[in-house]
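K.L.:
What follows is the file input_19.cif, containing mmCIF, C-alpha atoms:
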data_start
loop_
_atom_site.label_atom_id
_atom_site.label_comp_id
_atom_site.auth_asym_id
_atom_site.auth_seq_id
_atom_site.Cartn_x
_atom_site.Cartn_y
_atom_site.Cartn_z
CA MET A 1 -170.41 49.01 -42.63
CA ALA A 2 -167.17 50.27 -41.16
CA LYS A 3 -164.14 48.09 -41.72
CA ALA A 4 -163.22 46.07 -38.64
CA PHE A 5 -160.06 46.97 -36.77
CA GLY A 6 -157.00 45.24 -38.20
CA ALA A 7 -158.92 43.70 -41.07
CA PHE A 8 -157.06 43.18 -44.34
CA PRO A 9 -158.98 40.32 -45.97
CA GLU A 10 -157.80 41.48 -49.39
CA TYR A 11 -154.29 40.42 -48.41
CA ARG A 12 -155.25 36.90 -47.46
CA HIS A 13 -154.43 35.40 -50.83
CA PRO A 14 -153.27 38.19 -53.10
CA PHE A 15 -150.91 36.15 -55.21
CA ASP A 16 -151.40 34.32 -58.48
CA ALA A 17 -150.44 30.66 -58.66
CA THR A 18 -146.78 30.31 -59.55
CA PRO A 19 -144.46 27.30 -59.32
CA ILE A 20 -142.45 27.11 -56.11
CA HIS A 21 -139.53 25.63 -57.99
CA PRO A 22 -138.70 24.16 -61.38
CA GLU A 23 -140.10 20.72 -62.16
CA GLY A 24 -138.18 18.01 -60.32
CA SER A 25 -136.59 20.39 -57.79
CA THR A 26 -136.94 20.50 -54.02
CA THR A 27 -137.20 23.55 -51.77
CA VAL A 28 -135.79 23.76 -48.26
CA LEU A 29 -136.76 26.54 -45.83
CA TYR A 30 -134.52 27.27 -42.87
CA GLN A 31 -133.80 30.43 -40.86
CA GLY A 32 -135.61 32.68 -43.29
CA LYS A 33 -133.74 31.35 -46.29
CA THR A 34 -135.25 29.52 -49.25
CA VAL A 35 -132.93 27.09 -50.98
CA THR A 36 -133.81 25.29 -54.19
CA LEU A 37 -132.11 21.95 -54.77
CA THR A 38 -132.07 20.59 -58.29
CA GLU A 39 -130.84 17.16 -57.26
CA THR A 40 -132.23 15.05 -54.43
CA GLY A 41 -132.01 11.33 -53.93
CA ASN A 42 -135.46 10.07 -53.08
CA ARG A 43 -139.12 10.87 -53.39
CA ASP A 44 -140.40 10.62 -49.81
CA GLY A 45 -137.38 11.61 -47.72
CA LEU A 46 -134.74 14.24 -48.25
CA LEU A 47 -131.42 12.92 -49.43
CA ILE A 48 -129.27 15.81 -50.61
CA ARG A 49 -125.86 16.01 -52.19
CA PRO A 50 -123.23 16.58 -49.49
CA ALA A 51 -122.01 19.65 -51.38
CA ASP A 52 -125.44 21.27 -50.86
CA LEU A 53 -125.39 20.90 -47.09
CA SER A 54 -123.73 24.23 -46.33
CA ARG A 55 -126.21 26.06 -48.56
CA VAL A 56 -129.09 24.47 -46.71
CA ASN A 57 -128.10 24.90 -43.07
CA GLY A 58 -124.51 26.13 -42.82
CA PHE A 59 -123.07 22.74 -41.84
CA GLU A 60 -120.13 21.13 -43.62
CA LEU A 61 -118.81 17.62 -43.79
CA LYS A 62 -115.31 17.37 -42.33
CA PRO A 63 -113.15 14.48 -41.15
CA GLU A 64 -114.31 15.29 -37.59
CA GLY A 65 -117.98 14.93 -38.53
CA VAL A 66 -120.79 17.30 -39.51
CA CYS A 67 -119.57 20.74 -38.48
CA PHE A 68 -121.07 24.19 -37.94
CA LYS A 69 -118.22 26.67 -37.41
CA ASP A 70 -116.05 24.98 -34.78
CA ILE A 71 -118.72 22.63 -33.41
CA CYS A 72 -118.72 19.15 -34.91
CA ILE A 73 -121.20 16.34 -34.52
CA PRO A 74 -119.58 12.93 -35.02
CA MET A 75 -120.77 11.15 -38.13
CA LYS A 76 -123.44 8.52 -37.41
CA ASP A 77 -124.52 5.52 -39.41
CA GLY A 78 -127.23 6.40 -41.85
CA LEU A 79 -126.34 10.06 -42.36
CA LEU A 80 -124.28 9.35 -45.46
CA VAL A 81 -125.82 6.83 -47.83
CA GLU A 82 -124.98 5.46 -51.24
CA ARG A 83 -127.71 5.30 -53.84
CA ASP A 84 -127.57 5.01 -57.61
CA GLY A 85 -123.82 5.20 -57.45
CA LYS A 86 -123.83 8.54 -55.67
CA GLN A 87 -123.28 9.67 -52.12
CA TRP A 88 -126.12 11.45 -50.36
CA PHE A 89 -126.63 13.16 -47.00
CA ASP A 90 -129.88 12.32 -45.19
CA LEU A 91 -131.12 15.71 -44.02
CA VAL A 92 -134.14 14.25 -42.22
CA ALA A 93 -132.01 11.78 -40.27
CA PHE A 94 -129.73 14.67 -39.34
CA ALA A 95 -132.69 16.76 -38.15
CA ASP A 96 -133.93 13.81 -36.09
CA LEU A 97 -130.46 13.41 -34.59
CA LEU A 98 -130.46 17.09 -33.56
CA GLY A 99 -134.07 17.08 -32.34
CA GLN A 100 -134.84 19.67 -35.01
CA PRO A 101 -138.55 19.89 -35.88
CA TYR A 102 -139.62 20.12 -39.48
CA VAL A 103 -142.79 20.10 -41.55
CA ALA A 104 -142.74 18.60 -45.02
CA ASP A 105 -145.15 18.81 -47.90
CA THR A 106 -143.76 15.89 -49.84
CA GLU A 107 -146.29 16.30 -52.62
CA SER A 108 -144.87 19.73 -53.40
CA ARG A 109 -141.33 18.76 -52.42
CA VAL A 110 -140.99 21.50 -49.79
CA TRP A 111 -139.35 20.98 -46.40
CA SER A 112 -139.51 23.62 -43.72
CA PHE A 113 -137.03 23.20 -40.89
CA ALA A 114 -137.34 24.91 -37.52
CA GLU A 115 -134.32 26.15 -35.62
CA ILE A 116 -131.85 23.61 -34.27
CA PRO A 117 -132.59 23.45 -30.52
CA ALA A 118 -128.90 23.44 -29.52
CA LYS A 119 -128.54 26.89 -31.09
CA ARG A 120 -130.99 28.23 -28.51
CA GLU A 121 -129.38 26.66 -25.46
CA ALA A 122 -127.13 29.61 -24.63
CA MET A 123 -130.15 31.91 -24.45
CA MET A 124 -131.95 29.61 -22.04
CA LEU A 125 -128.84 28.96 -19.94
CA ASN A 126 -127.09 32.33 -19.67
CA ALA A 127 -129.26 34.86 -21.51
CA MET A 128 -126.93 35.19 -24.51
CA ALA A 129 -128.95 36.35 -27.49
CA PRO A 130 -129.06 33.85 -30.35
CA GLU A 131 -127.64 34.76 -33.71
CA PHE A 132 -130.25 35.87 -36.19
CA GLU A 133 -130.28 37.21 -39.71
CA VAL A 134 -133.05 39.23 -41.32
CA ILE A 135 -133.23 41.61 -44.27
CA ASP A 136 -134.09 45.25 -43.68
CA ARG A 137 -136.34 47.36 -45.91
CA GLN A 138 -133.32 48.62 -47.82
CA GLY A 139 -132.31 45.03 -48.64
CA LYS A 140 -129.38 44.96 -46.23
CA VAL A 141 -128.68 41.87 -44.16
CA VAL A 142 -129.09 42.61 -40.44
CA ARG A 143 -127.34 40.27 -38.02
CA LEU A 144 -127.06 40.30 -34.26
CA ALA A 145 -123.27 40.30 -34.70
CA ASP A 146 -123.55 43.75 -36.35
CA PHE A 147 -124.45 45.24 -32.97
CA LYS A 148 -121.50 43.94 -30.96
CA GLY A 149 -120.09 46.80 -28.88
CA LYS A 150 -123.45 48.59 -28.95
CA LYS A 151 -126.66 48.36 -27.01
CA ALA A 152 -129.61 47.21 -29.07
CA LEU A 153 -133.36 47.27 -28.58
CA ILE A 154 -135.04 44.71 -30.81
CA VAL A 155 -138.75 45.49 -30.76
CA THR A 156 -141.54 43.76 -32.63
CA TRP A 157 -144.72 45.47 -33.74
CA SER A 158 -147.40 44.87 -36.31
CA SER A 159 -149.96 46.68 -38.39
CA TRP A 160 -152.64 44.68 -36.62
CA MET B 1 -143.80 53.96 -35.04
CA PRO B 2 -143.45 57.74 -34.86
CA VAL B 3 -143.24 57.42 -31.10
CA TRP B 4 -140.26 55.07 -31.36
CA GLN B 5 -138.59 57.49 -33.76
CA ARG B 6 -139.01 60.21 -31.16
CA VAL B 7 -137.52 58.02 -28.44
CA TYR B 8 -134.65 57.11 -30.77
CA GLU B 9 -133.94 60.78 -31.46
CA GLU B 10 -134.13 61.64 -27.78
CA ILE B 11 -131.59 58.92 -26.95
CA ASN B 12 -129.37 60.05 -29.84
CA ASP B 13 -126.48 57.81 -28.91
CA PRO B 14 -124.26 56.33 -31.67
CA ASN B 15 -123.76 53.26 -29.51
CA PHE B 16 -127.48 52.51 -29.33
CA VAL B 17 -129.27 50.65 -32.11
CA LEU B 18 -133.04 50.47 -32.44
CA VAL B 19 -134.37 47.68 -34.63
CA CYS B 20 -138.12 47.75 -35.25
CA VAL B 21 -139.42 44.54 -36.76
CA ALA B 22 -142.92 44.32 -38.21
CA GLN B 23 -144.45 40.86 -37.72
CA ASP B 24 -146.63 41.14 -40.79
CA THR B 25 -147.55 38.45 -43.26
CA GLY B 26 -149.09 41.25 -45.31
CA GLY B 27 -145.51 42.34 -45.92
CA GLU B 28 -144.28 45.66 -47.22
CA ALA B 29 -147.71 46.53 -48.62
CA VAL B 30 -149.13 46.62 -45.10
CA ALA B 31 -146.20 47.56 -42.88
CA GLY B 32 -144.24 49.77 -45.26
CA PRO B 33 -146.55 52.81 -45.25
CA ILE B 34 -146.69 52.75 -41.44
CA PHE B 35 -142.91 52.76 -41.28
CA ASP B 36 -142.67 55.52 -43.89
CA ALA B 37 -145.10 57.75 -42.01
CA ALA B 38 -142.63 57.80 -39.10
CA ASN B 39 -139.72 59.02 -41.25
CA PRO B 40 -137.61 56.46 -39.43
CA THR B 41 -133.85 56.55 -39.07
CA TYR B 42 -133.72 53.33 -37.06
CA VAL B 43 -133.34 49.89 -38.61
CA GLN B 44 -136.64 48.74 -40.16
CA VAL B 45 -137.47 45.14 -40.93
CA VAL B 46 -140.66 43.64 -42.37
CA ASP B 47 -140.63 40.08 -41.07
CA GLU B 48 -143.37 38.19 -42.89
CA ASP B 49 -142.43 34.88 -41.31
CA HIS B 50 -142.25 36.23 -37.71
CA LEU B 51 -138.66 35.03 -37.45
CA ILE B 52 -137.76 37.48 -34.69
CA SER B 53 -140.67 36.36 -32.51
CA SER B 54 -139.39 32.84 -33.00
CA VAL B 55 -135.80 33.79 -32.11
CA PHE B 56 -136.82 35.35 -28.78
CA ASN B 57 -139.85 33.14 -28.06
CA PHE B 58 -142.32 36.03 -28.17
CA VAL B 59 -146.04 35.30 -28.47
CA ASN B 60 -147.37 38.83 -28.96
CA VAL B 61 -146.49 42.29 -30.18
CA PRO B 62 -145.08 44.67 -29.17
CA SER B 63 -142.37 42.66 -27.42
CA ALA B 64 -138.68 43.39 -27.11
CA ALA B 65 -135.25 42.31 -26.02
CA TRP B 66 -132.60 44.63 -24.63
CA ILE B 67 -129.21 43.33 -25.77
CA ASP B 68 -126.00 44.68 -24.29
CA GLU B 69 -122.62 45.26 -25.93
CA GLU B 70 -121.58 41.64 -25.42
CA GLY B 71 -124.76 40.15 -26.84
CA LYS B 72 -126.34 39.41 -23.49
CA ILE B 73 -130.07 39.93 -23.05
CA VAL B 74 -130.71 42.19 -20.04
CA ARG B 75 -134.51 42.53 -20.33
CA ILE B 76 -137.00 40.59 -22.41
CA ASP B 77 -140.62 39.87 -23.29
CA GLU B 78 -142.43 42.86 -21.82
CA GLY B 79 -145.22 44.83 -23.44
CA THR B 80 -142.99 47.32 -25.20
CA TYR B 81 -144.85 50.58 -25.34
CA SER B 82 -143.04 53.87 -25.74
CA ARG B 83 -145.85 55.72 -23.98
CA LYS B 84 -149.52 55.49 -22.99
CA HIS B 85 -151.86 55.23 -25.94
CA LYS B 86 -155.57 55.95 -26.05
CA PHE B 87 -158.05 55.03 -28.75
CA GLY B 88 -161.59 56.30 -28.94
CA GLU B 89 -163.56 58.65 -26.72
CA GLY B 90 -165.77 58.40 -23.64
CA GLU B 91 -166.97 54.96 -22.59
CA GLN B 92 -165.62 53.48 -25.84
CA ALA B 93 -162.09 54.65 -25.07
CA ILE B 94 -159.39 52.01 -24.77
CA SER B 95 -156.04 52.82 -23.26
CA PHE B 96 -152.89 50.74 -23.08
CA GLY B 97 -149.18 51.17 -22.67
CA ASN B 98 -147.32 53.12 -20.01
CA ASP B 99 -145.01 56.05 -19.48
CA VAL B 100 -142.26 54.22 -17.61
CA TYR B 101 -140.72 51.94 -20.24
CA SER B 102 -139.05 54.66 -22.33
CA PRO B 103 -137.39 56.36 -19.33
CA ALA B 104 -136.11 52.96 -18.20
CA LEU B 105 -134.69 52.33 -21.67
CA LYS B 106 -132.98 55.73 -21.67
CA ASP B 107 -131.52 55.04 -18.24
CA TRP B 108 -130.04 51.76 -19.48
CA VAL B 109 -128.52 53.37 -22.58
CA ALA B 110 -126.95 56.05 -20.40
CA LYS B 111 -125.74 53.90 -17.50
CA GLY B 112 -125.30 50.45 -18.99
CA ALA B 113 -124.80 47.69 -16.44
CA ASP B 114 -125.22 50.23 -13.61
CA SER B 115 -128.81 50.91 -14.59
CA VAL B 116 -131.32 49.63 -12.07
CA TYR B 117 -133.36 48.38 -15.03
CA VAL B 118 -130.77 45.80 -16.04
CA GLN B 119 -131.94 42.37 -14.97
CA SER B 120 -129.75 39.47 -13.91
CA ALA B 121 -129.19 36.55 -16.26
CA SER B 122 -131.30 34.35 -14.00
CA THR B 123 -134.19 36.83 -14.09
CA VAL B 124 -133.92 37.09 -17.85
CA THR B 125 -133.77 33.33 -18.43
CA GLY B 126 -136.74 33.00 -16.08
CA ASN B 127 -138.64 35.44 -18.28
CA ILE B 128 -137.82 33.71 -21.56
CA ARG B 129 -140.73 31.54 -22.59
CA GLU B 130 -140.44 27.85 -23.16
CA HIS B 131 -140.30 27.22 -26.87
CA GLY B 132 -140.33 23.46 -27.15
CA PHE B 133 -140.61 21.00 -29.99
CA ASP B 134 -144.23 21.77 -30.85
CA GLN B 135 -143.76 25.54 -30.80
CA MET B 136 -140.69 25.24 -33.02
CA LYS B 137 -142.56 22.94 -35.36
CA ALA B 138 -145.32 25.55 -35.44
CA ASP B 139 -142.75 28.09 -36.66
CA ALA B 140 -141.78 25.73 -39.47
CA ALA B 141 -145.44 25.22 -40.39
CA PHE B 142 -146.09 28.99 -40.41
CA ARG B 143 -143.15 29.52 -42.74
CA LEU B 144 -144.39 26.75 -45.03
CA ALA B 145 -147.86 28.31 -45.09
CA ASN B 146 -146.41 31.66 -46.08
CA LEU B 147 -144.46 30.08 -48.92
CA PHE B 148 -147.61 28.46 -50.29
CA ARG B 149 -149.47 31.72 -49.89
CA ALA B 150 -146.78 33.59 -51.81
CA HIS B 151 -147.18 31.08 -54.63
CA GLY B 152 -150.96 31.31 -54.73
CA ASP B 153 -151.73 27.90 -53.22
CA LYS B 154 -154.61 28.89 -50.95
CA ASP B 155 -155.53 25.43 -49.72
CA LYS B 156 -152.06 24.52 -48.58
CA ALA B 157 -151.51 27.96 -47.07
CA GLU B 158 -154.64 27.49 -44.97
CA GLN B 159 -153.68 23.92 -44.08
CA TYR B 160 -150.28 24.90 -42.69
CA TRP B 161 -151.49 28.09 -41.00
CA GLU B 162 -153.99 25.91 -39.18
CA LEU B 163 -151.26 23.44 -38.28
CA ALA B 164 -149.12 26.28 -36.87
CA ARG B 165 -151.98 27.52 -34.75
CA SER B 166 -152.82 24.05 -33.46
CA LEU B 167 -149.18 23.37 -32.52
CA ASN B 168 -148.78 26.71 -30.74
CA PRO B 169 -152.24 27.81 -29.58
CA ASP B 170 -150.70 30.31 -27.14
CA SER B 171 -149.28 32.38 -29.97
CA ILE B 172 -151.27 35.58 -30.09
CA ASN B 173 -149.10 36.47 -33.07
CA PHE B 174 -150.33 33.55 -35.13
CA ILE B 175 -154.00 33.91 -34.32
CA ARG B 176 -154.13 37.68 -34.65
CA GLN B 177 -152.07 37.58 -37.83
CA ASN B 178 -154.55 35.14 -39.27
CA LEU B 179 -157.50 37.24 -38.08
CA THR B 180 -156.14 40.28 -39.91
CA LEU B 181 -156.75 38.36 -43.11
CA THR B 182 -160.46 37.97 -42.34
CA GLU B 183 -163.40 40.36 -42.45
CA GLU B 184 -163.58 40.16 -38.65
CA GLY B 185 -160.13 41.68 -38.22
CA SER B 186 -157.64 41.32 -35.38
CA GLY B 187 -159.74 42.96 -32.66
CA GLY B 188 -163.09 41.26 -33.10
CA GLU B 189 -165.11 38.65 -31.27
CA THR B 190 -162.64 35.81 -31.80
CA PHE B 191 -159.79 37.89 -30.44
CA MET B 192 -161.81 39.03 -27.41
CA LYS B 193 -162.75 35.42 -26.68
CA LEU B 194 -159.10 34.36 -26.90
CA MET B 195 -158.06 37.15 -24.57
CA GLY B 196 -160.73 36.13 -22.11
CA GLU B 197 -159.44 32.55 -22.14
CA TYR B 198 -155.88 33.73 -21.72
CA VAL B 199 -156.69 35.81 -18.69
CA SER B 200 -158.94 33.18 -17.10
CA GLN B 201 -156.14 30.60 -17.42
CA GLY B 202 -153.67 32.93 -15.70
CA LYS B 203 -151.52 33.28 -18.81
CA HIS B 204 -149.54 36.37 -19.74
CA TYR B 205 -149.02 37.38 -23.34
CA TYR B 206 -146.27 39.68 -22.03
CA ARG B 207 -144.31 39.22 -18.85
CA PRO B 208 -145.64 41.60 -16.22
CA LEU B 209 -143.70 44.85 -16.55
CA ASP B 210 -141.34 44.93 -13.58
CA ILE B 211 -140.73 48.69 -13.49
CA ASP B 212 -141.93 50.99 -10.70
CA GLY B 213 -144.98 52.96 -11.76
CA ALA B 214 -146.04 50.51 -14.45
#
If you convert what's in this file into structure tokens, what do you get?
P.N.:
Amino acid sequence: MAKAFGAFPEYRHPFDATPIHPEGSTTVLYQGKTVTLTETGNRDGLLIRPADLSRVNGFELKPEGVCFKDICIPMKDGLLVERDGKQWFDLVAFADLLGQPYVADTESRVWSFAEIPAKREAMMLNAMAPEFEVIDRQGKVVRLADFKGKKALIVTWSSW
Amino acid sequence: MPVWQRVYEEINDPNFVLVCVAQDTGGEAVAGPIFDAANPTYVQVVDEDHLISSVFNFVNVPSAAWIDEEGKIVRIDEGTYSRKHKFGEGEQAISFGNDVYSPALKDWVAKGADSVYVQSASTVTGNIREHGFDQMKADAAFRLANLFRAHGDKDKAEQYWELARSLNPDSINFIRQNLTLTEEGSGGETFMKLMGEYVSQGKHYYRPLDIDGA
């Protein structure tokens, strides 16, 4: 029988079972990046060390609040918590504050965060393209900012 | 992809960038040879997690955004065909695409904001799809599924693929991507049924192409 159009069943699960991260670690997915955290503060939620925040989503803690570039969100109760004598940042509470969707597989300690809605507002309001970052086939980082001063056609396609 | 290489060479303008992004969970193994066959000189990306579709709220391929020198989108979310294509012969023949999109693109590259094909910000924002909480959550679920797949956890990969599809049932990308990984393939009975439902509900998987002659 001829193979059906766009059928690649052999690629459905081609990989052998491998650990997602070392025992006791947590993985965070955001904007195409995979970040492994060796230290988190609780089993069911996602308390991270404040120093890891910028690695996870580009935000930093500053006196003005939780900041991404020059935009700061005032600190709210519950974002910074003390536990076991250490300070932690509640990444889930922060996502809830921003209206940022996420899906968690707590059993495997993996948290996948969607885009922060506020980062899309300019596109919906005045057609400004959102920043993005992907890796090309040569391993080079490709960012929207690379094309400033040029016209760009971003076109999707697929093998299917 | 060879057709886009030809268009890129015809435009031949150092201030024009063409970025072709494969939305392919199969990754380099599937998309790479198709790219290579085109001998491309444009920017090539294999986007296993469909990040670019998520950025621009696309639900199908091929879709595109025209972005000007200041980062403003001036056209978006149209069926992006470089020319008419035809598969098969006789009564079995299927044709799609058009011969007006590439000339419009060339006109824009040459004339910039004076091109008649540049759309106003209000037209563009009107053409950008809603991508609300559930659709964004679907993106997160799709990414999670792909991570489990890459680590050989079939059950969880299937669980989160299914979650992505249930959260964003209008994504042709998600359902066809998943169908490629079945014996039925991406153009079989399930796909035809989905297309029928789409059309009967008055939905568009691309915005109607607003170019004369389309």
K.L.:
If we count all atoms listed in the file, which residues of chain A reach to within 6 Å of chain B? Please list them as an MDAnalysis selection string.
P.N.:
chainID A and resid 4:9 12 15:18 101:103 112:114 124 126:129 136:137 148:159
K.L.:
Give me, please, the distance in Å between CA of Thr41 (chain B) and CA of Gln5 (chain B), quoted to one decimal.
P.N.:
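Answer for the CA of Thr41 (chain B) to CA of Gln5 (chain B) separation: 7.2 Å.
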K.L.:
To one decimal place, how far is CA of Ala104 (chain A) from CA of Leu79 (chain A) in Å?
P.N.:
18.7 Å
K.L.:
For each of B:Pro2, B:Gln159, B:Asn146, B:Pro208, take the minimum atom-to-atom distance to Thr34 (chain A), counting all atoms listed in the file, then give the residue where this is smallest.
P.N.:
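Once distances to Thr34 (chain A) are computed over all atoms listed in the file, the minimum belongs to B:Asn146.
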K.L.:
Measure the distance from CA of Leu194 (chain B) to CA of Asp99 (chain B) in Å and round it to one decimal.
P.N.:
26.9 Å
K.L.:
Kindly indicate which residue among B:Asp36, B:Met192, B:Leu167, B:Ala110 lies nearest to Glu10 (chain B), using all atoms listed in the file for the distances.
P.N.:
B:Ala110
K.L.:
Using the chain letters and numbers from this file, what does the PyMOL selection byres ((chain A and resi 81) around 12) select? Give the answer as an MDAnalysis selection string.
P.N.:
chainID A and resid 41:42 46:50 75:80 82:91 93
K.L.:
Where's the centre, and what are the edge lengths in Å to one decimal, of a box along x, y and z enclosing all listed atoms of region 26-39 of chain A padded 3 Å per side, as JSON?
P.N.:
{"center_x": -134.0, "center_y": 24.9, "center_z": -49.6, "size_x": 12.4, "size_y": 21.5, "size_z": 23.4}
K.L.:
Write out as a list of chain:residue names the residues lying within 8 Å of Thr38 (chain A), counting only C-alpha atoms and excluding same-chain residues fewer than 3 positions away.
P.N.:
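So, after excluding close chain neighbours, the residues are A:Gly24, A:Ser25, A:Thr26.
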K.L.:
Quick one: of A:Gly99, A:Ile73, A:Ser108, A:Asn57, who's nearest to Asp44 (chain A), counting only C-alpha atoms?
P.N.:
A:Ser108
K.L.:
What lies within 12 Å of Pro63 (chain A) using all atoms listed in the file, ignoring chain neighbours under 2 positions off, as a VMD selection string?
P.N.:
chain A and resid 60 to 61 65 to 67 72 to 75
K.L.:
Ranking B:Val59, B:Lys106, B:Ala37, B:Lys111 by minimum distance to Pro169 (chain B) and counting all atoms listed in the file, which one comes first?
P.N.:
B:Val59
